[in-house]
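One file, protein22.tsv, carrying TSV, C-alpha atoms and all ligand atoms:
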```tsv
chain	number	residue	atom	x	y	z
A	1	MET	CA	-11.55	-40.35	-53.22
A	2	LYS	CA	-12.44	-36.64	-53.44
A	3	LEU	CA	-9.81	-34.31	-54.86
A	4	PHE	CA	-9.48	-32.47	-51.54
A	5	GLU	CA	-8.97	-35.73	-49.65
A	6	ILE	CA	-6.14	-36.54	-52.04
A	7	GLN	CA	-4.67	-33.09	-51.43
A	8	ILE	CA	-4.75	-33.67	-47.67
A	9	LEU	CA	-3.11	-37.05	-48.10
A	10	VAL	CA	-0.38	-35.57	-50.27
A	11	PHE	CA	0.15	-32.77	-47.76
A	12	VAL	CA	0.43	-35.21	-44.86
A	13	ALA	CA	2.79	-37.41	-46.90
A	14	LEU	CA	4.98	-34.35	-47.66
A	15	LEU	CA	5.15	-33.52	-43.96
A	16	PHE	CA	6.83	-36.89	-43.45
A	17	VAL	CA	9.30	-36.70	-46.32
A	18	CYS	CA	10.34	-33.05	-46.04
A	19	PRO	CA	10.87	-32.10	-42.42
A	20	LEU	CA	12.26	-28.56	-42.27
A	21	PHE	CA	15.19	-29.37	-40.06
A	22	VAL	CA	16.45	-32.89	-40.41
A	23	HIS	CA	18.97	-33.74	-37.75
A	24	GLY	CA	21.02	-36.79	-38.57
A	25	TRP	CA	21.89	-38.93	-41.49
A	26	GLY	CA	19.09	-39.24	-44.01
A	27	VAL	CA	17.20	-42.48	-44.46
A	28	ASP	CA	20.01	-44.19	-46.42
A	29	GLY	CA	22.68	-43.18	-43.90
A	30	HIS	CA	20.71	-44.64	-40.99
A	31	LEU	CA	19.77	-47.74	-42.98
A	32	THR	CA	23.46	-48.26	-43.77
A	33	VAL	CA	24.52	-48.00	-40.11
A	34	CYS	CA	21.87	-50.51	-38.99
A	35	ARG	CA	22.54	-52.90	-41.89
A	36	ILE	CA	26.27	-52.93	-41.10
A	37	ALA	CA	25.54	-53.53	-37.41
A	38	GLN	CA	22.99	-56.35	-37.51
A	39	PRO	CA	25.15	-59.12	-39.04
A	40	ARG	CA	27.88	-58.32	-36.48
A	41	LEU	CA	25.63	-59.13	-33.50
A	42	SER	CA	26.42	-61.98	-31.13
A	43	GLU	CA	23.76	-64.67	-30.79
A	44	ALA	CA	22.51	-63.17	-27.51
A	45	ALA	CA	22.27	-59.66	-28.98
A	46	ALA	CA	20.66	-60.90	-32.19
A	47	ASN	CA	18.01	-62.74	-30.16
A	48	ALA	CA	17.29	-59.70	-27.97
A	49	VAL	CA	16.96	-57.46	-31.03
A	50	LYS	CA	14.63	-59.94	-32.68
A	51	ASP	CA	12.56	-60.12	-29.49
A	52	LEU	CA	12.33	-56.32	-29.12
A	53	LEU	CA	11.60	-55.42	-32.75
A	54	PRO	CA	7.91	-55.31	-33.62
A	55	ALA	CA	6.81	-58.32	-35.72
A	56	SER	CA	6.17	-55.95	-38.64
A	57	ALA	CA	9.93	-55.26	-38.90
A	58	ASP	CA	10.51	-58.93	-39.77
A	59	ASP	CA	13.76	-58.96	-37.76
A	60	ASP	CA	15.22	-56.13	-39.88
A	61	LEU	CA	16.59	-53.36	-37.62
A	62	GLY	CA	17.34	-51.28	-40.73
A	63	SER	CA	13.65	-50.97	-41.57
A	64	LEU	CA	13.11	-48.96	-38.34
A	65	CYS	CA	16.45	-47.15	-38.14
A	66	SER	CA	14.79	-43.82	-39.07
A	67	TRP	CA	11.82	-44.34	-36.73
A	68	ALA	CA	13.27	-41.75	-34.31
A	69	ASP	CA	13.15	-39.07	-37.03
A	70	ARG	CA	9.54	-39.92	-37.85
A	71	VAL	CA	8.37	-39.58	-34.22
A	72	LYS	CA	9.84	-36.11	-33.64
A	73	PHE	CA	6.41	-34.55	-34.21
A	74	HIS	CA	4.64	-37.03	-31.97
A	75	TYR	CA	7.39	-36.88	-29.28
A	76	PRO	CA	8.58	-33.24	-29.46
A	77	TRP	CA	10.70	-33.79	-26.32
A	78	SER	CA	12.93	-36.09	-28.39
A	79	SER	CA	14.04	-33.44	-30.93
A	80	PRO	CA	17.06	-32.13	-28.96
A	81	LEU	CA	18.24	-35.73	-28.47
A	82	HIS	CA	19.47	-35.99	-32.08
A	83	TYR	CA	22.43	-33.62	-31.86
A	84	ILE	CA	24.87	-31.55	-29.79
A	85	ASP	CA	25.55	-27.83	-30.18
A	86	THR	CA	29.12	-26.87	-29.27
A	87	PRO	CA	30.55	-23.34	-28.89
A	88	ASP	CA	31.19	-21.63	-32.24
A	89	ASN	CA	34.64	-22.21	-33.76
A	90	LEU	CA	36.07	-23.95	-30.69
A	91	CYS	CA	36.15	-27.38	-32.38
A	92	THR	CA	35.99	-29.27	-29.10
A	93	TYR	CA	33.24	-31.08	-27.25
A	94	LEU	CA	32.80	-31.49	-23.49
A	95	TYR	CA	29.85	-33.39	-22.04
A	96	SER	CA	29.49	-31.15	-18.99
A	97	ARG	CA	29.58	-27.98	-21.07
A	98	ASP	CA	27.72	-29.03	-24.23
A	99	CYS	CA	25.24	-31.82	-23.49
A	100	LYS	CA	22.11	-29.76	-22.87
A	101	ASP	CA	19.12	-28.50	-24.82
A	102	GLU	CA	18.49	-24.89	-25.82
A	103	ASN	CA	17.10	-24.16	-22.34
A	104	GLY	CA	20.22	-25.52	-20.68
A	105	THR	CA	18.59	-28.71	-19.38
A	106	LYS	CA	21.45	-31.12	-18.66
A	107	ASP	CA	21.86	-34.45	-20.50
A	108	ARG	CA	19.43	-33.50	-23.27
A	109	CYS	CA	21.67	-34.13	-26.29
A	110	VAL	CA	22.56	-37.13	-28.42
A	111	ALA	CA	25.34	-38.29	-26.05
A	112	GLY	CA	22.99	-38.11	-23.05
A	113	ALA	CA	20.33	-39.99	-25.01
A	114	ILE	CA	22.78	-42.77	-25.94
A	115	ASN	CA	23.63	-43.17	-22.23
A	116	ASN	CA	19.93	-43.08	-21.32
A	117	TYR	CA	18.79	-45.75	-23.77
A	118	THR	CA	21.86	-47.91	-23.08
A	119	SER	CA	21.03	-47.99	-19.38
A	120	GLN	CA	17.36	-48.76	-20.14
A	121	LEU	CA	18.37	-51.66	-22.41
A	122	LEU	CA	20.66	-53.03	-19.68
A	123	SER	CA	17.45	-53.89	-17.78
A	124	TYR	CA	16.44	-56.34	-20.54
A	125	GLY	CA	15.40	-59.63	-18.98
A	126	LYS	CA	15.27	-58.10	-15.46
A	127	ASP	CA	12.33	-56.85	-13.37
A	128	ALA	CA	13.26	-53.20	-13.93
A	129	ALA	CA	12.57	-53.63	-17.66
A	130	SER	CA	8.85	-53.15	-17.05
A	131	GLN	CA	9.30	-49.41	-16.40
A	132	TYR	CA	10.57	-48.83	-19.93
A	133	ASN	CA	9.48	-49.43	-23.48
A	134	LEU	CA	12.59	-51.32	-24.59
A	135	THR	CA	11.40	-51.47	-28.20
A	136	GLU	CA	11.59	-47.69	-28.27
A	137	ALA	CA	14.89	-47.76	-26.37
A	138	LEU	CA	16.41	-50.03	-29.04
A	139	LEU	CA	15.10	-47.90	-31.92
A	140	PHE	CA	16.34	-44.68	-30.30
A	141	LEU	CA	19.77	-46.16	-29.55
A	142	ALA	CA	20.21	-47.57	-33.08
A	143	HIS	CA	19.29	-44.17	-34.54
A	144	PHE	CA	21.34	-42.00	-32.18
A	145	VAL	CA	24.55	-44.03	-32.60
A	146	GLY	CA	24.17	-43.18	-36.29
A	147	ASP	CA	23.41	-39.50	-35.64
A	148	ILE	CA	26.40	-38.92	-33.36
A	149	HIS	CA	28.72	-40.11	-36.16
A	150	GLN	CA	27.38	-37.48	-38.61
A	151	PRO	CA	30.02	-34.77	-38.13
A	152	LEU	CA	27.54	-31.87	-38.30
A	153	HIS	CA	25.45	-33.43	-35.55
A	154	VAL	CA	28.14	-32.12	-33.27
A	155	GLY	CA	28.37	-28.70	-34.87
A	156	PHE	CA	28.36	-25.04	-33.92
A	157	THR	CA	25.52	-23.48	-31.97
A	158	SER	CA	24.80	-20.34	-33.98
A	159	ASP	CA	24.48	-22.11	-37.34
A	160	LYS	CA	22.57	-25.08	-35.85
A	161	GLY	CA	25.08	-27.62	-37.11
A	162	GLY	CA	25.15	-26.13	-40.61
A	163	ASN	CA	21.35	-25.93	-40.89
A	164	THR	CA	21.45	-22.16	-41.47
A	165	ILE	CA	24.34	-22.20	-43.97
A	166	ASP	CA	22.87	-21.96	-47.50
A	167	VAL	CA	24.97	-23.66	-50.18
A	168	HIS	CA	24.61	-25.07	-53.65
A	169	TRP	CA	25.19	-28.80	-54.10
A	170	TYR	CA	26.30	-28.67	-57.74
A	171	THR	CA	23.30	-26.80	-59.20
A	172	ARG	CA	20.79	-27.41	-56.40
A	173	LYS	CA	20.11	-25.11	-53.48
A	174	THR	CA	20.36	-26.73	-50.08
A	175	VAL	CA	21.96	-26.21	-46.65
A	176	LEU	CA	25.32	-27.54	-45.46
A	177	HIS	CA	23.71	-29.82	-42.87
A	178	HIS	CA	21.67	-31.53	-45.60
A	179	VAL	CA	24.78	-32.02	-47.73
A	180	TRP	CA	26.15	-34.22	-44.94
A	181	ASP	CA	22.86	-35.95	-44.11
A	182	ASP	CA	21.97	-36.84	-47.68
A	183	ASN	CA	23.62	-35.20	-50.68
A	184	ILE	CA	27.11	-36.71	-50.40
A	185	ILE	CA	25.61	-40.18	-49.91
A	186	GLU	CA	23.12	-39.73	-52.77
A	187	THR	CA	25.77	-38.50	-55.19
A	188	ALA	CA	28.04	-41.42	-54.24
A	189	GLU	CA	25.20	-43.89	-54.81
A	190	GLN	CA	24.46	-42.38	-58.23
A	191	ARG	CA	28.10	-42.41	-59.32
A	192	TYR	CA	29.41	-45.62	-57.87
A	193	ASP	CA	26.51	-47.82	-56.78
A	194	ASN	CA	23.87	-47.78	-59.58
A	195	SER	CA	21.77	-45.63	-57.19
A	196	ASP	CA	21.42	-48.67	-54.96
A	197	VAL	CA	22.05	-48.32	-51.22
A	198	ASP	CA	22.71	-52.08	-50.97
A	199	GLU	CA	25.79	-51.65	-53.17
A	200	LEU	CA	27.08	-48.90	-50.86
A	201	ILE	CA	26.51	-51.16	-47.85
A	202	ASP	CA	28.36	-54.04	-49.58
A	203	ALA	CA	31.29	-51.75	-50.43
A	204	LEU	CA	31.53	-50.54	-46.83
A	205	GLN	CA	31.33	-54.09	-45.50
A	206	LYS	CA	34.19	-55.10	-47.81
A	207	ASN	CA	36.33	-52.26	-46.52
A	208	ILE	CA	35.51	-53.18	-42.92
A	209	THR	CA	37.00	-56.62	-43.54
A	210	ALA	CA	39.96	-55.40	-45.66
A	211	GLU	CA	41.07	-51.72	-45.74
A	212	TRP	CA	39.95	-50.97	-42.18
A	213	ALA	CA	40.33	-54.48	-40.69
A	214	ASP	CA	43.18	-53.52	-38.36
A	215	LYS	CA	41.31	-50.44	-37.10
A	216	VAL	CA	38.00	-52.09	-36.34
A	217	LYS	CA	39.12	-53.33	-32.91
A	218	THR	CA	39.96	-49.80	-31.81
A	219	TRP	CA	36.60	-48.51	-33.11
A	220	GLU	CA	34.83	-51.17	-31.07
A	221	THR	CA	36.69	-50.52	-27.85
A	222	CYS	CA	36.07	-47.78	-25.28
A	223	SER	CA	39.10	-46.88	-23.18
A	224	SER	CA	36.83	-45.75	-20.35
A	225	GLY	CA	34.73	-48.91	-20.08
A	226	LYS	CA	32.14	-50.79	-22.08
A	227	PRO	CA	30.72	-49.59	-25.38
A	228	PRO	CA	29.09	-47.31	-26.28
A	229	CYS	CA	31.33	-44.32	-25.48
A	230	PRO	CA	29.38	-41.40	-26.99
A	231	ASN	CA	31.85	-38.77	-25.74
A	232	VAL	CA	34.57	-40.29	-27.95
A	233	TYR	CA	32.27	-40.40	-30.99
A	234	ALA	CA	31.15	-36.78	-30.40
A	235	SER	CA	34.72	-35.51	-30.07
A	236	GLU	CA	35.63	-37.19	-33.37
A	237	SER	CA	32.58	-35.64	-35.02
A	238	ILE	CA	33.31	-32.03	-34.04
A	239	LYS	CA	36.90	-32.50	-35.23
A	240	ALA	CA	35.65	-33.82	-38.58
A	241	ALA	CA	33.07	-31.03	-38.74
A	242	CYS	CA	35.85	-28.41	-38.40
A	243	ASN	CA	38.45	-30.16	-40.59
A	244	TRP	CA	36.10	-31.23	-43.39
A	245	ALA	CA	32.45	-30.15	-43.20
A	246	TYR	CA	32.81	-26.42	-42.38
A	247	LYS	CA	36.27	-26.03	-43.93
A	248	GLY	CA	36.30	-23.67	-46.92
A	249	VAL	CA	32.51	-23.26	-46.82
A	250	SER	CA	30.73	-19.94	-46.45
A	251	GLU	CA	27.22	-18.65	-47.13
A	252	ASN	CA	26.27	-19.45	-50.76
A	253	SER	CA	29.35	-21.58	-51.47
A	254	VAL	CA	29.01	-23.80	-54.52
A	255	LEU	CA	30.05	-27.31	-53.52
A	256	GLU	CA	30.91	-29.70	-56.32
A	257	ASP	CA	33.55	-32.32	-57.24
A	258	ASP	CA	36.40	-30.73	-55.23
A	259	TYR	CA	34.30	-30.92	-52.09
A	260	PHE	CA	32.51	-34.18	-52.88
A	261	LEU	CA	35.64	-36.20	-53.69
A	262	THR	CA	37.58	-35.06	-50.62
A	263	ARG	CA	34.67	-35.44	-48.15
A	264	LEU	CA	33.24	-38.75	-49.35
A	265	PRO	CA	35.97	-40.81	-47.60
A	266	ILE	CA	35.00	-39.13	-44.30
A	267	VAL	CA	31.32	-39.95	-44.83
A	268	ASN	CA	32.19	-43.57	-45.67
A	269	LEU	CA	34.38	-43.85	-42.57
A	270	ARG	CA	31.73	-42.39	-40.26
A	271	LEU	CA	29.02	-44.72	-41.63
A	272	ALA	CA	31.31	-47.73	-41.12
A	273	GLN	CA	32.28	-46.65	-37.61
A	274	GLY	CA	28.62	-46.03	-36.73
A	275	GLY	CA	27.65	-49.55	-37.82
A	276	VAL	CA	30.59	-51.28	-36.11
A	277	ARG	CA	30.01	-49.36	-32.88
A	278	LEU	CA	26.25	-49.93	-32.82
A	279	ALA	CA	26.96	-53.68	-33.00
A	280	ALA	CA	29.63	-53.39	-30.29
A	281	ALA	CA	27.18	-51.50	-28.05
A	282	LEU	CA	24.38	-54.05	-28.50
A	283	ASN	CA	26.81	-56.96	-28.00
A	284	SER	CA	28.03	-55.38	-24.78
A	285	ILE	CA	24.51	-54.55	-23.54
A	286	PHE	CA	22.99	-57.96	-24.25
A	287	GLY	CA	26.20	-59.99	-23.70
B	1	LIG	C1	12.53	-24.25	-23.86
B	1	LIG	O1	11.66	-23.41	-23.13
B	1	LIG	C2	10.61	-22.84	-23.92
B	1	LIG	C3	9.86	-21.85	-23.04
B	1	LIG	O2	9.47	-22.48	-21.84
B	1	LIG	C4	9.71	-23.97	-24.45
B	1	LIG	O3	8.68	-23.44	-25.25
B	1	LIG	C5	10.56	-24.91	-25.28
B	1	LIG	O4	9.77	-26.01	-25.70
B	1	LIG	C6	11.74	-25.41	-24.44
B	1	LIG	N1	12.61	-26.20	-25.31
B	1	LIG	C7	12.92	-27.46	-25.04
B	1	LIG	C8	13.82	-28.14	-26.00
B	1	LIG	O5	12.50	-28.05	-24.05
B	2	LIG	C1	15.36	-41.00	-21.50
B	2	LIG	O1	14.32	-41.84	-21.99
B	2	LIG	C2	12.99	-41.48	-21.58
B	2	LIG	C3	12.04	-42.52	-22.20
B	2	LIG	O2	12.05	-42.47	-23.60
B	2	LIG	C4	12.68	-40.08	-22.05
B	2	LIG	O3	11.43	-39.68	-21.53
B	2	LIG	C5	13.75	-39.10	-21.57
B	2	LIG	O4	13.49	-37.83	-22.12
B	2	LIG	C6	15.11	-39.59	-22.05
B	2	LIG	N1	16.17	-38.67	-21.63
B	2	LIG	C7	17.30	-38.51	-22.35
B	2	LIG	C8	18.30	-37.54	-21.85
B	2	LIG	O5	17.51	-39.16	-23.35
B	3	LIG	C1	6.37	-49.53	-27.17
B	3	LIG	O1	6.61	-48.64	-28.23
B	3	LIG	C2	6.16	-49.06	-29.49
B	3	LIG	C3	6.65	-48.04	-30.54
B	3	LIG	O2	6.27	-46.75	-30.17
B	3	LIG	C4	4.65	-49.17	-29.46
B	3	LIG	O3	4.16	-49.62	-30.70
B	3	LIG	C5	4.26	-50.18	-28.37
B	3	LIG	O4	2.85	-50.21	-28.25
B	3	LIG	C6	4.88	-49.75	-27.03
B	3	LIG	N1	4.65	-50.84	-26.07
B	3	LIG	C7	4.04	-50.64	-24.91
B	3	LIG	C8	3.91	-51.84	-24.01
B	3	LIG	O5	3.60	-49.54	-24.59
B	4	LIG	C1	36.93	-48.78	-49.93
B	4	LIG	O1	38.34	-48.66	-49.95
B	4	LIG	C2	38.89	-48.30	-51.22
B	4	LIG	C3	40.41	-48.35	-51.10
B	4	LIG	O2	40.86	-47.45	-50.12
B	4	LIG	C4	38.37	-46.93	-51.62
B	4	LIG	O3	38.87	-46.56	-52.87
B	4	LIG	C5	36.86	-46.97	-51.67
B	4	LIG	O4	36.35	-45.68	-51.94
B	4	LIG	C6	36.30	-47.44	-50.34
B	4	LIG	N1	34.84	-47.56	-50.46
B	4	LIG	C7	34.04	-47.26	-49.45
B	4	LIG	C8	32.57	-47.37	-49.73
B	4	LIG	O5	34.43	-46.94	-48.36
B	5	ZN	ZN	18.20	-38.15	-36.11
```

Could you express the structure from this file as structure tokens?
Ligand SMILES: *[C@@H]1O[C@H](CO)[C@@H](O)[C@H](O)[C@H]1NC(C)=O
Ligand SMILES: *[C@@H]1O[C@H](CO)[C@@H](O)[C@H](O)[C@H]1NC(C)=O
Ligand SMILES: *[C@@H]1O[C@H](CO)[C@@H](O)[C@H](O)[C@H]1NC(C)=O
Ligand SMILES: *[C@@H]1O[C@H](CO)[C@@H](O)[C@H](O)[C@H]1NC(C)=O
Ligand SMILES: [Zn+2]
Amino acid sequence: MKLFEIQILVFVALLFVCPLFVHGWGVDGHLTVCRIAQPRLSEAAANAVKDLLPASADDDLGSLCSWADRVKFHYPWSSPLHYIDTPDNLCTYLYSRDCKDENGTKDRCVAGAINNYTSQLLSYGKDAASQYNLTEALLFLAHFVGDIHQPLHVGFTSDKGGNTIDVHWYTRKTVLHHVWDDNIIETAEQRYDNSDVDELIDALQKNITAEWADKVKTWETCSSGKPPCPNVYASESIKAACNWAYKGVSENSVLEDDYFLTRLPIVNLRLAQGGVRLAAALNSIFG
């Protein structure tokens, strides 16, 4: 290979690993949500997922849980579907007020997308299914249920969910949004899990069956009908964004152990809830 061909390859590879604005958990966060969900599927849901996943995924939903982030360039219309911008400092979320893109087009936010792909997947096994690509619907839904649980996915409008707030994570420069997508998870993996995401997933699964066992039923249930209930998840996220993510942070804050140790339990909880609720949604859809 010529040197310049290698340079182009490296450049293209970098485009995929360093998107400027990442909206949503990083790769490990999404992988964790999907890996928690898949073993919780009913037989009917597990079969549908297996049927819809491409053969290359080898029946592993986790392997494609970040697919929706990788197709943002190819499907630019999908970018606003990863998050919700709420009014600055209000700390509330309302579908009718907030679920829109920057041009005010209704339903174009992560809650609208969860409703959209849920209703597409409900056509599975029926004639109407032929109008949709249900493989894509499954991959979008699995990803967006993760995204809506990342507190800064339901953040303030003017700072783009913490994307424009520069901070230091220990000694490294980053932005607040990225701290919640990746840095807290990475630091936890390094400290507690031998830098191995599988150990984090195991630890969360243990807590789902012990610590959180009596809460799991309420996570899985939607008071207003069948799962998923994205408006509930979004309201929880903006509350957590105000109470934990934004709290005490300003431009150029240095975030270290004080912040990490108090916020990690929130990140763990949101990953667990995301996984449990993704399974509940798929069980309800394919049940
Ligand atoms: C909003 O409108 C502008 C101008 O028409 C367009 O370039 C942009 O892509 C639109 N944004 C979205 C998210 O559709
Ligand atoms: C619904 O899904 C279709 C197919 O992927 C997509 O074109 C449309 O933009 C989606 N709308 C929302 C609000 O998710
Ligand atoms: C559905 O989407 C997947 C992923 O983008 C693609 O590989 C596949 O070809 C699509 N299927 C159809 C029938 O278009
Ligand atoms: C699991 O629960 C224990 C006890 O509350 C807690 O110390 C630990 O950090 C939790 N781990 C995860 C990954 O949630
Ligand atoms: Zn995303």

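Contact shell of Val179 of chain A at 10 Å (only C-alpha atoms; same-chain neighbours under 5 positions omitted): Trp25, Gly26, Leu152, Gly162, Asn163, Val167, His168, Trp169, Thr174, Ile184, Ile185, Glu186, Thr187, Ala245, Leu255 and Phe260 of chain A.
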
Write the selection just made, keeping C-alpha atoms, as a PDB file, keeping the file's coordinate frame?
```pdb
ATOM      1  CA  TRP A  25      21.890 -38.930 -41.490  1.00  0.00           C
ATOM      2  CA  GLY A  26      19.090 -39.240 -44.010  1.00  0.00           C
ATOM      3  CA  LEU A 152      27.540 -31.870 -38.300  1.00  0.00           C
ATOM      4  CA  GLY A 162      25.150 -26.130 -40.610  1.00  0.00           C
ATOM      5  CA  ASN A 163      21.350 -25.930 -40.890  1.00  0.00           C
ATOM      6  CA  VAL A 167      24.970 -23.660 -50.180  1.00  0.00           C
ATOM      7  CA  HIS A 168      24.610 -25.070 -53.650  1.00  0.00           C
ATOM      8  CA  TRP A 169      25.190 -28.800 -54.100  1.00  0.00           C
ATOM      9  CA  THR A 174      20.360 -26.730 -50.080  1.00  0.00           C
ATOM     10  CA  ILE A 184      27.110 -36.710 -50.400  1.00  0.00           C
ATOM     11  CA  ILE A 185      25.610 -40.180 -49.910  1.00  0.00           C
ATOM     12  CA  GLU A 186      23.120 -39.730 -52.770  1.00  0.00           C
ATOM     13  CA  THR A 187      25.770 -38.500 -55.190  1.00  0.00           C
ATOM     14  CA  ALA A 245      32.450 -30.150 -43.200  1.00  0.00           C
ATOM     15  CA  LEU A 255      30.050 -27.310 -53.520  1.00  0.00           C
ATOM     16  CA  PHE A 260      32.510 -34.180 -52.880  1.00  0.00           C
TER      17      PHE A 260
END
```

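For ligand LIG 2 (chain B), the neighbouring protein, DNA and RNA residues, which are those within 6 Å when all atoms listed in the file are counted, are Asp107, Arg108, Gly112, Ala113 and Asn116 of chain A.
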
Residues up to 9 Å from ligand LIG 4 (chain B), counting all atoms listed in the file: could you list those as a ChimeraX atom specification?
-> /A:188,192,199-208,210-212,264-269,271-272

For Leu53 of chain A, which residue among A:Val110, A:Ala142, A:Leu176, A:Val254 is the nearest when counting all atoms listed in the file?
->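 Ranking A:Val110, A:Ala142, A:Leu176, A:Val254 by distance to Leu53 of chain A, first place goes to A:Ala142.
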
Ala57 of chain A surroundings by all atoms listed in the file, 12 Å radius, close-in-sequence under 6 positions cut, as a list of chain:residue names =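 Non-adjacent residues within range: A:Val49, A:Lys50, A:Asp51, A:Ser63, A:Leu64, A:Cys65, A:Trp67, A:Thr135, A:Leu139.
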
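From atom CA of Gly155 of chain A back to atom CA of Tyr83 of chain A, the distance works out to 8.3 Å.
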
Please indicate the distance in Å from atom CA of Thr157 of chain A to atom CA of Asn183 of chain A, rounded to one decimal place.
-> 22.2 Å

Residues of chain A at most 8 Å from ligand LIG 3 (chain B): nearest atom pair and distance in Å, all atoms listed in the file, as CSV:
```
residue,atom,partner,partner_atom,distance
A:Pro54,CA,B:LIG3,O3,7.4
A:Asn133,CA,B:LIG3,C1,4.8
A:Leu134,CA,B:LIG3,C1,7.0
A:Thr135,CA,B:LIG3,C1,5.5
A:Glu136,CA,B:LIG3,O1,5.1
```
